[in-house]
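Asker: Contents of query15.cif (mmCIF, C-alpha atoms) are below:
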data_query
#
loop_
_atom_site.group_PDB
_atom_site.id
_atom_site.type_symbol
_atom_site.label_atom_id
_atom_site.label_comp_id
_atom_site.auth_asym_id
_atom_site.auth_seq_id
_atom_site.Cartn_x
_atom_site.Cartn_y
_atom_site.Cartn_z
ATOM 1 C CA MET A 30 -28.320 -2.669 22.298
ATOM 2 C CA GLN A 31 -26.178 -5.669 21.570
ATOM 3 C CA GLU A 32 -23.123 -6.704 23.554
ATOM 4 C CA LEU A 33 -19.886 -6.867 21.564
ATOM 5 C CA LYS A 34 -17.528 -9.425 23.033
ATOM 6 C CA LEU A 35 -13.780 -8.850 22.846
ATOM 7 C CA GLU A 36 -11.902 -11.544 20.963
ATOM 8 C CA GLN A 37 -8.286 -12.500 21.365
ATOM 9 C CA LEU A 38 -6.346 -11.240 18.335
ATOM 10 C CA THR A 39 -5.039 -13.840 15.905
ATOM 11 C CA PRO A 40 -3.598 -13.158 12.443
ATOM 12 C CA ALA A 41 -6.072 -15.580 10.893
ATOM 13 C CA ASP A 42 -9.103 -13.910 12.475
ATOM 14 C CA PHE A 43 -7.830 -10.475 11.506
ATOM 15 C CA ALA A 44 -6.835 -11.408 7.942
ATOM 16 C CA PRO A 45 -10.102 -10.259 6.300
ATOM 17 C CA PHE A 46 -9.518 -6.782 7.733
ATOM 18 C CA GLY A 47 -5.781 -6.286 7.334
ATOM 19 C CA VAL A 48 -2.481 -7.285 8.852
ATOM 20 C CA VAL A 49 -1.253 -7.866 12.405
ATOM 21 C CA LEU A 50 2.027 -6.038 13.079
ATOM 22 C CA ASP A 51 3.861 -8.367 15.445
ATOM 23 C CA LYS A 52 7.600 -8.819 15.240
ATOM 24 C CA ASP A 53 7.240 -12.482 16.083
ATOM 25 C CA LEU A 54 5.244 -12.987 12.883
ATOM 26 C CA ALA A 55 7.761 -11.181 10.673
ATOM 27 C CA GLU A 56 10.842 -12.364 8.834
ATOM 28 C CA LYS A 57 13.868 -11.623 11.026
ATOM 29 C CA ARG A 58 17.065 -10.389 9.345
ATOM 30 C CA MET A 59 20.307 -9.711 11.173
ATOM 31 C CA ILE A 60 21.819 -6.434 9.943
ATOM 32 C CA ASN A 61 24.442 -3.864 10.965
ATOM 33 C CA GLU A 62 27.080 -6.539 11.625
ATOM 34 C CA GLY A 63 24.837 -8.440 13.985
ATOM 35 C CA THR A 64 24.015 -5.498 16.239
ATOM 36 C CA THR A 65 20.453 -5.075 14.972
ATOM 37 C CA GLU A 66 17.569 -7.422 14.298
ATOM 38 C CA ARG A 67 15.305 -6.215 11.515
ATOM 39 C CA PHE A 68 11.776 -7.622 11.715
ATOM 40 C CA HIS A 69 11.045 -7.000 8.096
ATOM 41 C CA ALA A 70 7.958 -5.489 6.515
ATOM 42 C CA LEU A 71 5.399 -5.811 9.285
ATOM 43 C CA ALA A 72 3.199 -3.854 6.904
ATOM 44 C CA MET A 73 3.334 -2.504 3.371
ATOM 45 C CA ALA A 74 1.514 0.745 2.690
ATOM 46 C CA ASP A 75 -1.324 0.728 0.147
ATOM 47 C CA THR A 76 -1.582 4.467 -0.337
ATOM 48 C CA GLU A 77 -0.763 5.106 -3.989
ATOM 49 C CA ALA A 78 -4.353 5.455 -5.250
ATOM 50 C CA GLU A 79 -4.976 8.795 -6.990
ATOM 51 C CA GLY A 80 -1.410 9.963 -6.497
ATOM 52 C CA GLY A 81 -1.286 9.401 -2.732
ATOM 53 C CA ARG A 82 1.915 9.480 -0.683
ATOM 54 C CA THR A 83 2.800 7.616 2.491
ATOM 55 C CA ILE A 84 3.196 9.572 5.716
ATOM 56 C CA LEU A 85 4.048 8.795 9.322
ATOM 57 C CA SER A 86 2.048 10.595 12.009
ATOM 58 C CA LEU A 87 1.673 10.285 15.762
ATOM 59 C CA PHE A 88 -1.754 9.856 17.354
ATOM 60 C CA ARG A 89 -2.397 10.493 21.023
ATOM 61 C CA GLY A 90 -5.698 8.939 22.037
ATOM 62 C CA GLN A 91 -7.615 9.651 25.249
ATOM 63 C CA PRO A 92 -8.816 6.467 26.944
ATOM 64 C CA ARG A 93 -12.424 5.513 26.313
ATOM 65 C CA VAL A 94 -14.888 5.096 29.165
ATOM 66 C CA PHE A 95 -16.479 1.670 29.555
ATOM 67 C CA PRO A 96 -19.075 0.382 28.969
ATOM 68 C CA TYR A 97 -18.266 1.877 25.557
ATOM 69 C CA ARG A 98 -20.887 2.137 22.813
ATOM 70 C CA ILE A 99 -19.908 1.535 19.202
ATOM 71 C CA THR A 100 -22.280 3.795 17.299
ATOM 72 C CA MET A 101 -20.440 4.319 14.014
ATOM 73 C CA MET A 102 -17.607 3.120 11.811
ATOM 74 C CA GLU A 103 -15.296 4.747 9.277
ATOM 75 C CA ARG A 104 -13.197 3.664 6.318
ATOM 76 C CA HIS A 105 -10.515 5.152 4.075
ATOM 77 C CA PRO A 106 -11.320 4.359 0.434
ATOM 78 C CA LEU A 107 -7.929 5.515 -0.842
ATOM 79 C CA GLY A 108 -5.454 4.057 1.613
ATOM 80 C CA SER A 109 -4.424 1.558 4.241
ATOM 81 C CA GLN A 110 -3.840 2.808 7.787
ATOM 82 C CA ALA A 111 -1.363 1.172 10.169
ATOM 83 C CA PHE A 112 -1.292 1.769 13.946
ATOM 84 C CA PHE A 113 1.584 0.757 16.208
ATOM 85 C CA PRO A 114 1.623 1.597 19.945
ATOM 86 C CA VAL A 115 4.532 3.670 21.207
ATOM 87 C CA THR A 116 3.338 3.585 24.811
ATOM 88 C CA ASN A 117 3.019 -0.194 25.116
ATOM 89 C CA ARG A 118 -0.555 -0.331 26.385
ATOM 90 C CA THR A 119 -3.270 -2.764 25.394
ATOM 91 C CA TRP A 120 -5.784 -1.253 22.988
ATOM 92 C CA ILE A 121 -8.954 -2.306 21.212
ATOM 93 C CA ALA A 122 -9.684 -2.568 17.507
ATOM 94 C CA VAL A 123 -13.214 -2.831 16.117
ATOM 95 C CA VAL A 124 -13.623 -3.812 12.471
ATOM 96 C CA ALA A 125 -16.359 -4.966 10.126
ATOM 97 C CA LEU A 126 -16.809 -6.366 6.684
ATOM 98 C CA ASP A 127 -18.743 -4.303 4.194
ATOM 99 C CA ASP A 128 -22.425 -5.044 3.803
ATOM 100 C CA ASP A 129 -23.622 -3.364 0.638
ATOM 101 C CA GLY A 130 -21.876 -0.070 1.318
ATOM 102 C CA ARG A 131 -22.441 -0.074 5.064
ATOM 103 C CA PRO A 132 -20.439 -1.618 7.931
ATOM 104 C CA GLY A 133 -21.646 -5.105 8.753
ATOM 105 C CA GLU A 134 -21.666 -6.810 12.145
ATOM 106 C CA PRO A 135 -18.609 -5.546 14.073
ATOM 107 C CA ARG A 136 -15.880 -7.651 15.619
ATOM 108 C CA ALA A 137 -13.739 -6.385 18.470
ATOM 109 C CA PHE A 138 -10.172 -7.480 19.201
ATOM 110 C CA ARG A 139 -8.041 -6.857 22.279
ATOM 111 C CA VAL A 140 -4.597 -5.901 20.939
ATOM 112 C CA PRO A 141 -1.460 -6.268 23.076
ATOM 113 C CA GLY A 142 0.621 -3.159 23.749
ATOM 114 C CA ASN A 143 3.536 -4.423 21.671
ATOM 115 C CA THR A 144 1.369 -5.146 18.643
ATOM 116 C CA GLY A 145 0.079 -2.991 15.822
ATOM 117 C CA LEU A 146 -2.515 -3.439 13.116
ATOM 118 C CA GLN A 147 -2.856 -2.231 9.573
ATOM 119 C CA TYR A 148 -6.423 -1.760 8.409
ATOM 120 C CA GLY A 149 -6.678 -2.565 4.745
ATOM 121 C CA ARG A 150 -7.755 0.103 2.305
ATOM 122 C CA ASN A 151 -11.532 0.643 2.460
ATOM 123 C CA ILE A 152 -11.986 -1.639 5.480
ATOM 124 C CA TRP A 153 -14.561 -0.467 8.018
ATOM 125 C CA HIS A 154 -13.077 0.229 11.434
ATOM 126 C CA HIS A 155 -13.866 2.225 14.536
ATOM 127 C CA PRO A 156 -11.726 5.254 15.400
ATOM 128 C CA LEU A 157 -8.850 4.583 17.795
ATOM 129 C CA ILE A 158 -9.857 3.048 21.128
ATOM 130 C CA ALA A 159 -7.203 3.672 23.777
ATOM 131 C CA VAL A 160 -7.633 1.980 27.136
ATOM 132 C CA GLY A 161 -6.772 3.088 30.666
ATOM 133 C CA GLU A 162 -4.409 5.997 29.977
ATOM 134 C CA PRO A 163 -3.691 8.387 27.118
ATOM 135 C CA SER A 164 -1.818 6.267 24.577
ATOM 136 C CA GLN A 165 0.401 7.145 21.655
ATOM 137 C CA PHE A 166 0.572 5.374 18.323
ATOM 138 C CA LEU A 167 2.663 5.793 15.237
ATOM 139 C CA VAL A 168 0.374 5.805 12.223
ATOM 140 C CA MET A 169 1.391 5.102 8.636
ATOM 141 C CA ASP A 170 -1.289 6.226 6.210
ATOM 142 C CA ARG A 171 -2.018 8.271 3.113
ATOM 143 C CA GLU A 172 -1.601 11.946 2.266
ATOM 144 C CA GLY A 173 -3.041 13.312 -0.959
ATOM 145 C CA GLU A 174 -5.994 14.586 -2.916
ATOM 146 C CA GLY A 175 -9.374 12.868 -2.922
ATOM 147 C CA ASP A 176 -11.984 12.026 -0.316
ATOM 148 C CA ASN A 177 -10.385 9.413 1.903
ATOM 149 C CA LEU A 178 -12.903 9.291 4.759
ATOM 150 C CA GLU A 179 -16.344 7.744 4.920
ATOM 151 C CA GLU A 180 -18.294 7.510 8.185
ATOM 152 C CA ILE A 181 -21.560 5.624 8.752
ATOM 153 C CA GLY A 182 -23.632 5.109 11.893
ATOM 154 C CA TYR A 183 -25.087 1.816 13.028
ATOM 155 C CA PRO A 184 -28.891 1.655 13.348
ATOM 156 C CA ALA A 185 -28.406 0.479 16.953
ATOM 157 C CA PRO A 186 -25.232 0.634 19.051
ATOM 158 C CA TYR A 187 -23.063 -2.283 20.097
ATOM 159 C CA VAL A 188 -21.571 -2.142 23.555
ATOM 160 C CA ILE A 189 -18.191 -3.283 24.872
ATOM 161 C CA THR A 190 -18.837 -3.719 28.580
ATOM 162 C CA GLU A 191 -15.232 -3.694 29.785
ATOM 163 C CA PRO A 192 -11.741 -3.708 28.317
ATOM 164 C CA MET B 13 41.637 9.202 15.662
ATOM 165 C CA GLN B 14 39.419 12.224 15.931
ATOM 166 C CA GLU B 15 36.889 12.844 18.652
ATOM 167 C CA LEU B 16 33.301 13.279 17.469
ATOM 168 C CA LYS B 17 31.365 15.502 19.839
ATOM 169 C CA LEU B 18 27.658 14.903 20.370
ATOM 170 C CA GLU B 19 25.467 17.831 19.421
ATOM 171 C CA GLN B 20 22.038 18.628 20.743
ATOM 172 C CA LEU B 21 19.468 17.891 18.045
ATOM 173 C CA THR B 22 17.709 20.837 16.453
ATOM 174 C CA PRO B 23 15.546 20.741 13.315
ATOM 175 C CA ALA B 24 17.677 23.442 11.706
ATOM 176 C CA ASP B 25 20.939 21.582 12.279
ATOM 177 C CA PHE B 26 19.435 18.330 11.033
ATOM 178 C CA ALA B 27 17.710 19.851 7.992
ATOM 179 C CA PRO B 28 20.521 19.064 5.506
ATOM 180 C CA PHE B 29 20.193 15.382 6.416
ATOM 181 C CA GLY B 30 16.442 14.877 6.737
ATOM 182 C CA VAL B 31 13.573 15.525 9.089
ATOM 183 C CA VAL B 32 13.162 15.488 12.875
ATOM 184 C CA LEU B 33 10.062 13.499 13.902
ATOM 185 C CA ASP B 34 8.831 15.339 16.972
ATOM 186 C CA LYS B 35 5.149 15.763 17.660
ATOM 187 C CA ASP B 36 5.736 19.246 19.033
ATOM 188 C CA LEU B 37 7.007 20.327 15.613
ATOM 189 C CA ALA B 38 4.039 18.874 13.708
ATOM 190 C CA GLU B 39 0.654 20.304 12.829
ATOM 191 C CA LYS B 40 -1.849 19.123 15.448
ATOM 192 C CA ARG B 41 -5.330 18.138 14.315
ATOM 193 C CA MET B 42 -8.127 17.096 16.660
ATOM 194 C CA ILE B 43 -9.917 14.052 15.244
ATOM 195 C CA ASN B 44 -12.304 11.307 16.333
ATOM 196 C CA GLU B 45 -14.709 13.767 17.986
ATOM 197 C CA GLY B 46 -11.972 15.284 20.104
ATOM 198 C CA THR B 47 -10.733 12.008 21.599
ATOM 199 C CA THR B 48 -7.538 11.876 19.534
ATOM 200 C CA GLU B 49 -4.816 14.350 18.657
ATOM 201 C CA ARG B 50 -3.235 13.683 15.285
ATOM 202 C CA PHE B 51 0.288 15.104 14.980
ATOM 203 C CA HIS B 52 0.193 15.141 11.224
ATOM 204 C CA ALA B 53 2.852 13.994 8.793
ATOM 205 C CA LEU B 54 5.960 13.866 10.951
ATOM 206 C CA ALA B 55 7.555 12.383 7.856
ATOM 207 C CA MET B 56 6.628 11.675 4.247
ATOM 208 C CA ALA B 57 8.187 8.617 2.647
ATOM 209 C CA ASP B 58 10.401 9.147 -0.401
ATOM 210 C CA THR B 59 10.477 5.550 -1.583
ATOM 211 C CA GLU B 60 8.874 5.536 -5.022
ATOM 212 C CA ALA B 61 12.101 5.467 -7.053
ATOM 213 C CA GLU B 62 12.280 2.489 -9.424
ATOM 214 C CA GLY B 63 8.876 1.193 -8.403
ATOM 215 C CA GLY B 64 9.591 1.092 -4.665
ATOM 216 C CA ARG B 65 6.907 0.602 -2.026
ATOM 217 C CA THR B 66 6.764 1.866 1.553
ATOM 218 C CA ILE B 67 7.026 -0.625 4.400
ATOM 219 C CA LEU B 68 6.989 -0.506 8.179
ATOM 220 C CA SER B 69 9.507 -2.698 10.015
ATOM 221 C CA LEU B 70 10.670 -3.027 13.600
ATOM 222 C CA PHE B 71 14.379 -2.820 14.465
ATOM 223 C CA ARG B 72 15.790 -4.067 17.746
ATOM 224 C CA GLY B 73 19.267 -2.650 18.288
ATOM 225 C CA GLN B 74 21.799 -3.858 20.825
ATOM 226 C CA PRO B 75 23.413 -1.001 22.756
ATOM 227 C CA ARG B 76 26.811 0.123 21.521
ATOM 228 C CA VAL B 77 29.841 0.106 23.793
ATOM 229 C CA PHE B 78 31.561 3.446 24.413
ATOM 230 C CA PRO B 79 33.991 4.856 23.505
ATOM 231 C CA TYR B 80 32.419 3.960 20.139
ATOM 232 C CA ARG B 81 34.378 4.220 16.914
ATOM 233 C CA ILE B 82 32.650 5.419 13.758
ATOM 234 C CA THR B 83 34.515 3.568 11.025
ATOM 235 C CA MET B 84 31.999 3.585 8.175
ATOM 236 C CA MET B 85 28.770 5.077 6.888
ATOM 237 C CA GLU B 86 25.949 3.879 4.667
ATOM 238 C CA ARG B 87 23.280 5.411 2.458
ATOM 239 C CA HIS B 88 20.162 4.276 0.627
ATOM 240 C CA PRO B 89 20.168 5.706 -2.900
ATOM 241 C CA LEU B 90 16.564 4.715 -3.598
ATOM 242 C CA GLY B 91 14.708 5.671 -0.471
ATOM 243 C CA SER B 92 14.323 7.652 2.705
ATOM 244 C CA GLN B 93 14.475 5.807 6.033
ATOM 245 C CA ALA B 94 12.610 6.947 9.147
ATOM 246 C CA PHE B 95 13.351 5.718 12.690
ATOM 247 C CA PHE B 96 11.049 6.266 15.643
ATOM 248 C CA PRO B 97 11.807 4.810 19.112
ATOM 249 C CA VAL B 98 9.204 2.494 20.594
ATOM 250 C CA THR B 99 11.152 1.992 23.811
ATOM 251 C CA ASN B 100 11.591 5.678 24.693
ATOM 252 C CA ARG B 101 15.352 5.659 25.179
ATOM 253 C CA THR B 102 17.847 8.269 24.039
ATOM 254 C CA TRP B 103 19.742 7.234 20.917
ATOM 255 C CA ILE B 104 22.467 8.648 18.711
ATOM 256 C CA ALA B 105 22.402 9.553 15.039
ATOM 257 C CA VAL B 106 25.536 10.114 12.991
ATOM 258 C CA VAL B 107 25.170 11.717 9.566
ATOM 259 C CA ALA B 108 27.358 13.306 6.934
ATOM 260 C CA LEU B 109 27.073 15.315 3.767
ATOM 261 C CA ASP B 110 28.390 13.755 0.604
ATOM 262 C CA ASP B 111 31.928 14.600 -0.423
ATOM 263 C CA ASP B 112 32.379 13.533 -4.021
ATOM 264 C CA GLY B 113 30.747 10.126 -3.564
ATOM 265 C CA ARG B 114 32.101 9.496 -0.088
ATOM 266 C CA PRO B 115 30.802 10.479 3.360
ATOM 267 C CA GLY B 116 32.236 13.795 4.494
ATOM 268 C CA GLU B 117 33.008 14.885 8.045
ATOM 269 C CA PRO B 118 30.420 13.239 10.326
ATOM 270 C CA ARG B 119 28.113 14.996 12.764
ATOM 271 C CA ALA B 120 26.632 13.211 15.748
ATOM 272 C CA PHE B 121 23.319 14.093 17.405
ATOM 273 C CA ARG B 122 21.884 12.935 20.710
ATOM 274 C CA VAL B 123 18.234 12.140 20.008
ATOM 275 C CA PRO B 124 15.634 12.074 22.801
ATOM 276 C CA GLY B 125 13.691 8.871 23.375
ATOM 277 C CA ASN B 126 10.416 10.395 22.210
ATOM 278 C CA THR B 127 11.882 11.672 18.962
ATOM 279 C CA GLY B 128 12.507 10.054 15.607
ATOM 280 C CA LEU B 129 14.457 11.011 12.514
ATOM 281 C CA GLN B 130 14.009 10.450 8.825
ATOM 282 C CA TYR B 131 17.228 10.242 6.854
ATOM 283 C CA GLY B 132 16.681 11.674 3.423
ATOM 284 C CA ARG B 133 17.185 9.495 0.363
ATOM 285 C CA ASN B 134 20.880 9.016 -0.372
ATOM 286 C CA ILE B 135 22.018 10.748 2.836
ATOM 287 C CA TRP B 136 25.066 9.199 4.514
ATOM 288 C CA HIS B 137 24.331 7.898 8.004
ATOM 289 C CA HIS B 138 25.731 5.417 10.460
ATOM 290 C CA PRO B 139 23.785 2.239 11.218
ATOM 291 C CA LEU B 140 21.501 2.431 14.268
ATOM 292 C CA ILE B 141 23.241 3.393 17.519
ATOM 293 C CA ALA B 142 21.213 2.273 20.526
ATOM 294 C CA VAL B 143 22.387 3.370 23.955
ATOM 295 C CA GLY B 144 22.294 1.648 27.322
ATOM 296 C CA GLU B 145 19.752 -1.120 26.685
ATOM 297 C CA PRO B 146 18.419 -3.007 23.689
ATOM 298 C CA SER B 147 16.074 -0.520 22.026
ATOM 299 C CA GLN B 148 13.266 -0.925 19.537
ATOM 300 C CA PHE B 149 12.406 1.394 16.668
ATOM 301 C CA LEU B 150 9.691 1.470 14.079
ATOM 302 C CA VAL B 151 11.279 2.011 10.692
ATOM 303 C CA MET B 152 9.524 3.303 7.584
ATOM 304 C CA ASP B 153 11.583 2.665 4.479
ATOM 305 C CA ARG B 154 11.592 1.189 0.984
ATOM 306 C CA GLU B 155 10.932 -2.272 -0.364
ATOM 307 C CA GLY B 156 11.628 -3.037 -4.012
ATOM 308 C CA GLU B 157 14.055 -3.885 -6.744
ATOM 309 C CA GLY B 158 17.378 -2.144 -7.180
ATOM 310 C CA ASP B 159 20.507 -1.710 -5.099
ATOM 311 C CA ASN B 160 19.484 0.451 -2.175
ATOM 312 C CA LEU B 161 22.561 0.131 0.042
ATOM 313 C CA GLU B 162 25.994 1.683 -0.274
ATOM 314 C CA GLU B 163 28.612 1.395 2.480
ATOM 315 C CA ILE B 164 31.941 3.219 2.658
ATOM 316 C CA GLY B 165 34.635 3.220 5.321
ATOM 317 C CA TYR B 166 36.371 6.299 6.677
ATOM 318 C CA PRO B 167 40.151 6.465 6.182
ATOM 319 C CA ALA B 168 40.482 7.009 9.960
ATOM 320 C CA PRO B 169 37.831 6.436 12.604
ATOM 321 C CA TYR B 170 35.983 9.091 14.578
ATOM 322 C CA VAL B 171 35.284 8.305 18.214
ATOM 323 C CA ILE B 172 32.295 9.146 20.393
ATOM 324 C CA THR B 173 33.736 8.953 23.885
ATOM 325 C CA GLU B 174 30.485 8.642 25.833
ATOM 326 C CA PRO B 175 26.763 8.861 25.152
#
Would you write the structure of this file as structure tokens?

Answerer:
Amino acid sequence: MQELKLEQLTPADFAPFGVVLDKDLAEKRMINEGTTERFHALAMADTEAEGGRTILSLFRGQPRVFPYRITMMERHPLGSQAFFPVTNRTWIAVVALDDDGRPGEPRAFRVPGNTGLQYGRNIWHHPLIAVGEPSQFLVMDREGEGDNLEEIGYPAPYVITEP
Amino acid sequence: MQELKLEQLTPADFAPFGVVLDKDLAEKRMINEGTTERFHALAMADTEAEGGRTILSLFRGQPRVFPYRITMMERHPLGSQAFFPVTNRTWIAVVALDDDGRPGEPRAFRVPGNTGLQYGRNIWHHPLIAVGEPSQFLVMDREGEGDNLEEIGYPAPYVITEP
């Protein structure tokens, strides 16, 4: 069993897997006669494959128990999936590049509670990892026909010792 | 100047204007081996007109000062626009049916801090009304070509005396 070290999240490190949703990285537009700042287009949905539509859902994740074992990964072949915390708690994202149809070596990022991520379409990632308390996330992803979920186990688990 | 009374938000009352985003109204699915509840499809984007795409942005609204005068409304002819609070503070939505190309009599709803709204495409609404403190909202709306904003003033203002 291999230890999986948590990395600090940077847009450059995350770029192969998707987009970091951080208002400080976005273009800021003043709207509504100066009463509102619009941090524009943190993410753009990629959900149109095979007639897909874009939906907004709410996820409530129970906190994981640490040490936590990463035993499997999933991906959505037909659509991107964006997560943004509503409860402002740090969370953990685990992602991997594809290795001939299977998830490669995982990388784990500690994500601040005011920051979201969009996993690119067909990018391997671990299901939601909430930390400490039940945590809520708004999720923008795809609704539509077709098989949009693939799950594969790792031959041996990776372990995150503590959040 | 006419007083505009705040109504309690109900899905039935809001139905002519769009959708209430409330997890307790959504279909609940258990996912991720029972660790996550997915409150499915609070809203579906209606942004495809004229080649539009769906984006996620963050709005930070300064609180309005009360009594607050509603002097104008806006609408987005090419796309729906969903707001969901990230800062869990009550907010106010003002909407109106169309009256021959102009906003009709407005209705004002007090929206709980854990509840979002999606304004339907081309539905008259007032720009974001935050209450009390600067408040942040995730916004799912449309990116693309075409003129997606129309603004029209009321002949006489409506006033919301207090939040």

Asker: Kindly resolve the PyMOL selection byres ((chain B) within 10 of (chain A)) on the present coordinates and return the residues as a PyMOL selection string.

Answerer: chain B and resi 33-35+38-60+65-76+94+96-100+126+138-142+146-155

Asker: Include C-alpha atoms and write out the residues we just selected as a PDB file, keeping the file's coordinate frame.

Answerer:
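Okay, result31.pdb is ready:
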ATOM      1  CA  LEU B  33      10.062  13.499  13.902  1.00  0.00           C
ATOM      2  CA  ASP B  34       8.831  15.339  16.972  1.00  0.00           C
ATOM      3  CA  LYS B  35       5.149  15.763  17.660  1.00  0.00           C
ATOM      4  CA  ALA B  38       4.039  18.874  13.708  1.00  0.00           C
ATOM      5  CA  GLU B  39       0.654  20.304  12.829  1.00  0.00           C
ATOM      6  CA  LYS B  40      -1.849  19.123  15.448  1.00  0.00           C
ATOM      7  CA  ARG B  41      -5.330  18.138  14.315  1.00  0.00           C
ATOM      8  CA  MET B  42      -8.127  17.096  16.660  1.00  0.00           C
ATOM      9  CA  ILE B  43      -9.917  14.052  15.244  1.00  0.00           C
ATOM     10  CA  ASN B  44     -12.304  11.307  16.333  1.00  0.00           C
ATOM     11  CA  GLU B  45     -14.709  13.767  17.986  1.00  0.00           C
ATOM     12  CA  GLY B  46     -11.972  15.284  20.104  1.00  0.00           C
ATOM     13  CA  THR B  47     -10.733  12.008  21.599  1.00  0.00           C
ATOM     14  CA  THR B  48      -7.538  11.876  19.534  1.00  0.00           C
ATOM     15  CA  GLU B  49      -4.816  14.350  18.657  1.00  0.00           C
ATOM     16  CA  ARG B  50      -3.235  13.683  15.285  1.00  0.00           C
ATOM     17  CA  PHE B  51       0.288  15.104  14.980  1.00  0.00           C
ATOM     18  CA  HIS B  52       0.193  15.141  11.224  1.00  0.00           C
ATOM     19  CA  ALA B  53       2.852  13.994   8.793  1.00  0.00           C
ATOM     20  CA  LEU B  54       5.960  13.866  10.951  1.00  0.00           C
ATOM     21  CA  ALA B  55       7.555  12.383   7.856  1.00  0.00           C
ATOM     22  CA  MET B  56       6.628  11.675   4.247  1.00  0.00           C
ATOM     23  CA  ALA B  57       8.187   8.617   2.647  1.00  0.00           C
ATOM     24  CA  ASP B  58      10.401   9.147  -0.401  1.00  0.00           C
ATOM     25  CA  THR B  59      10.477   5.550  -1.583  1.00  0.00           C
ATOM     26  CA  GLU B  60       8.874   5.536  -5.022  1.00  0.00           C
ATOM     27  CA  ARG B  65       6.907   0.602  -2.026  1.00  0.00           C
ATOM     28  CA  THR B  66       6.764   1.866   1.553  1.00  0.00           C
ATOM     29  CA  ILE B  67       7.026  -0.625   4.400  1.00  0.00           C
ATOM     30  CA  LEU B  68       6.989  -0.506   8.179  1.00  0.00           C
ATOM     31  CA  SER B  69       9.507  -2.698  10.015  1.00  0.00           C
ATOM     32  CA  LEU B  70      10.670  -3.027  13.600  1.00  0.00           C
ATOM     33  CA  PHE B  71      14.379  -2.820  14.465  1.00  0.00           C
ATOM     34  CA  ARG B  72      15.790  -4.067  17.746  1.00  0.00           C
ATOM     35  CA  GLY B  73      19.267  -2.650  18.288  1.00  0.00           C
ATOM     36  CA  GLN B  74      21.799  -3.858  20.825  1.00  0.00           C
ATOM     37  CA  PRO B  75      23.413  -1.001  22.756  1.00  0.00           C
ATOM     38  CA  ARG B  76      26.811   0.123  21.521  1.00  0.00           C
ATOM     39  CA  ALA B  94      12.610   6.947   9.147  1.00  0.00           C
ATOM     40  CA  PHE B  96      11.049   6.266  15.643  1.00  0.00           C
ATOM     41  CA  PRO B  97      11.807   4.810  19.112  1.00  0.00           C
ATOM     42  CA  VAL B  98       9.204   2.494  20.594  1.00  0.00           C
ATOM     43  CA  THR B  99      11.152   1.992  23.811  1.00  0.00           C
ATOM     44  CA  ASN B 100      11.591   5.678  24.693  1.00  0.00           C
ATOM     45  CA  ASN B 126      10.416  10.395  22.210  1.00  0.00           C
ATOM     46  CA  HIS B 138      25.731   5.417  10.460  1.00  0.00           C
ATOM     47  CA  PRO B 139      23.785   2.239  11.218  1.00  0.00           C
ATOM     48  CA  LEU B 140      21.501   2.431  14.268  1.00  0.00           C
ATOM     49  CA  ILE B 141      23.241   3.393  17.519  1.00  0.00           C
ATOM     50  CA  ALA B 142      21.213   2.273  20.526  1.00  0.00           C
ATOM     51  CA  PRO B 146      18.419  -3.007  23.689  1.00  0.00           C
ATOM     52  CA  SER B 147      16.074  -0.520  22.026  1.00  0.00           C
ATOM     53  CA  GLN B 148      13.266  -0.925  19.537  1.00  0.00           C
ATOM     54  CA  PHE B 149      12.406   1.394  16.668  1.00  0.00           C
ATOM     55  CA  LEU B 150       9.691   1.470  14.079  1.00  0.00           C
ATOM     56  CA  VAL B 151      11.279   2.011  10.692  1.00  0.00           C
ATOM     57  CA  MET B 152       9.524   3.303   7.584  1.00  0.00           C
ATOM     58  CA  ASP B 153      11.583   2.665   4.479  1.00  0.00           C
ATOM     59  CA  ARG B 154      11.592   1.189   0.984  1.00  0.00           C
ATOM     60  CA  GLU B 155      10.932  -2.272  -0.364  1.00  0.00           C
TER      61      GLU B 155
END

Asker: For atom CA of B:Leu161 and atom CA of B:Phe29, determine how far apart the two atoms are, in Å to one decimal place.

Answerer: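 Computing it gives 16.7 Å between the two atoms.
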
Asker: Need the axis-aligned box for stretch 134-153 of chain A with 4 Å each side, so what are the centre and edges in Å to one decimal, as lines of an AutoDock Vina configuration file?

Answerer:
center_x = -9.1
center_y = -3.5
center_z = 13.0
size_x = 33.2
size_y = 16.3
size_z = 29.4

Asker: The PyMOL selection byres ((chain A and resi 97-107) around 7) on the file shown: which residues, as a list in words?

Answerer: Thr76, Ala78, Arg93, Val94, Phe95, Pro96, Gly108, Pro132, Arg150, Asn151, Ile152, Trp153, His154, His155, Asn177, Leu178, Glu179, Glu180, Ile181, Gly182, Tyr183, Ala185, Pro186, Tyr187, Val188, Ile189 and Thr190 of chain A

Asker: Can I get the selected residues back with C-alpha atoms, as a short mmCIF file (atom, residue, chain, number, x, y, z; two decimals), keeping the file's coordinate frame?

Answerer:
data_model
loop_
_atom_site.label_atom_id
_atom_site.label_comp_id
_atom_site.auth_asym_id
_atom_site.auth_seq_id
_atom_site.Cartn_x
_atom_site.Cartn_y
_atom_site.Cartn_z
CA THR A 76 -1.58 4.47 -0.34
CA ALA A 78 -4.35 5.46 -5.25
CA ARG A 93 -12.42 5.51 26.31
CA VAL A 94 -14.89 5.10 29.16
CA PHE A 95 -16.48 1.67 29.56
CA PRO A 96 -19.08 0.38 28.97
CA GLY A 108 -5.45 4.06 1.61
CA PRO A 132 -20.44 -1.62 7.93
CA ARG A 150 -7.76 0.10 2.31
CA ASN A 151 -11.53 0.64 2.46
CA ILE A 152 -11.99 -1.64 5.48
CA TRP A 153 -14.56 -0.47 8.02
CA HIS A 154 -13.08 0.23 11.43
CA HIS A 155 -13.87 2.22 14.54
CA ASN A 177 -10.38 9.41 1.90
CA LEU A 178 -12.90 9.29 4.76
CA GLU A 179 -16.34 7.74 4.92
CA GLU A 180 -18.29 7.51 8.18
CA ILE A 181 -21.56 5.62 8.75
CA GLY A 182 -23.63 5.11 11.89
CA TYR A 183 -25.09 1.82 13.03
CA ALA A 185 -28.41 0.48 16.95
CA PRO A 186 -25.23 0.63 19.05
CA TYR A 187 -23.06 -2.28 20.10
CA VAL A 188 -21.57 -2.14 23.56
CA ILE A 189 -18.19 -3.28 24.87
CA THR A 190 -18.84 -3.72 28.58
#
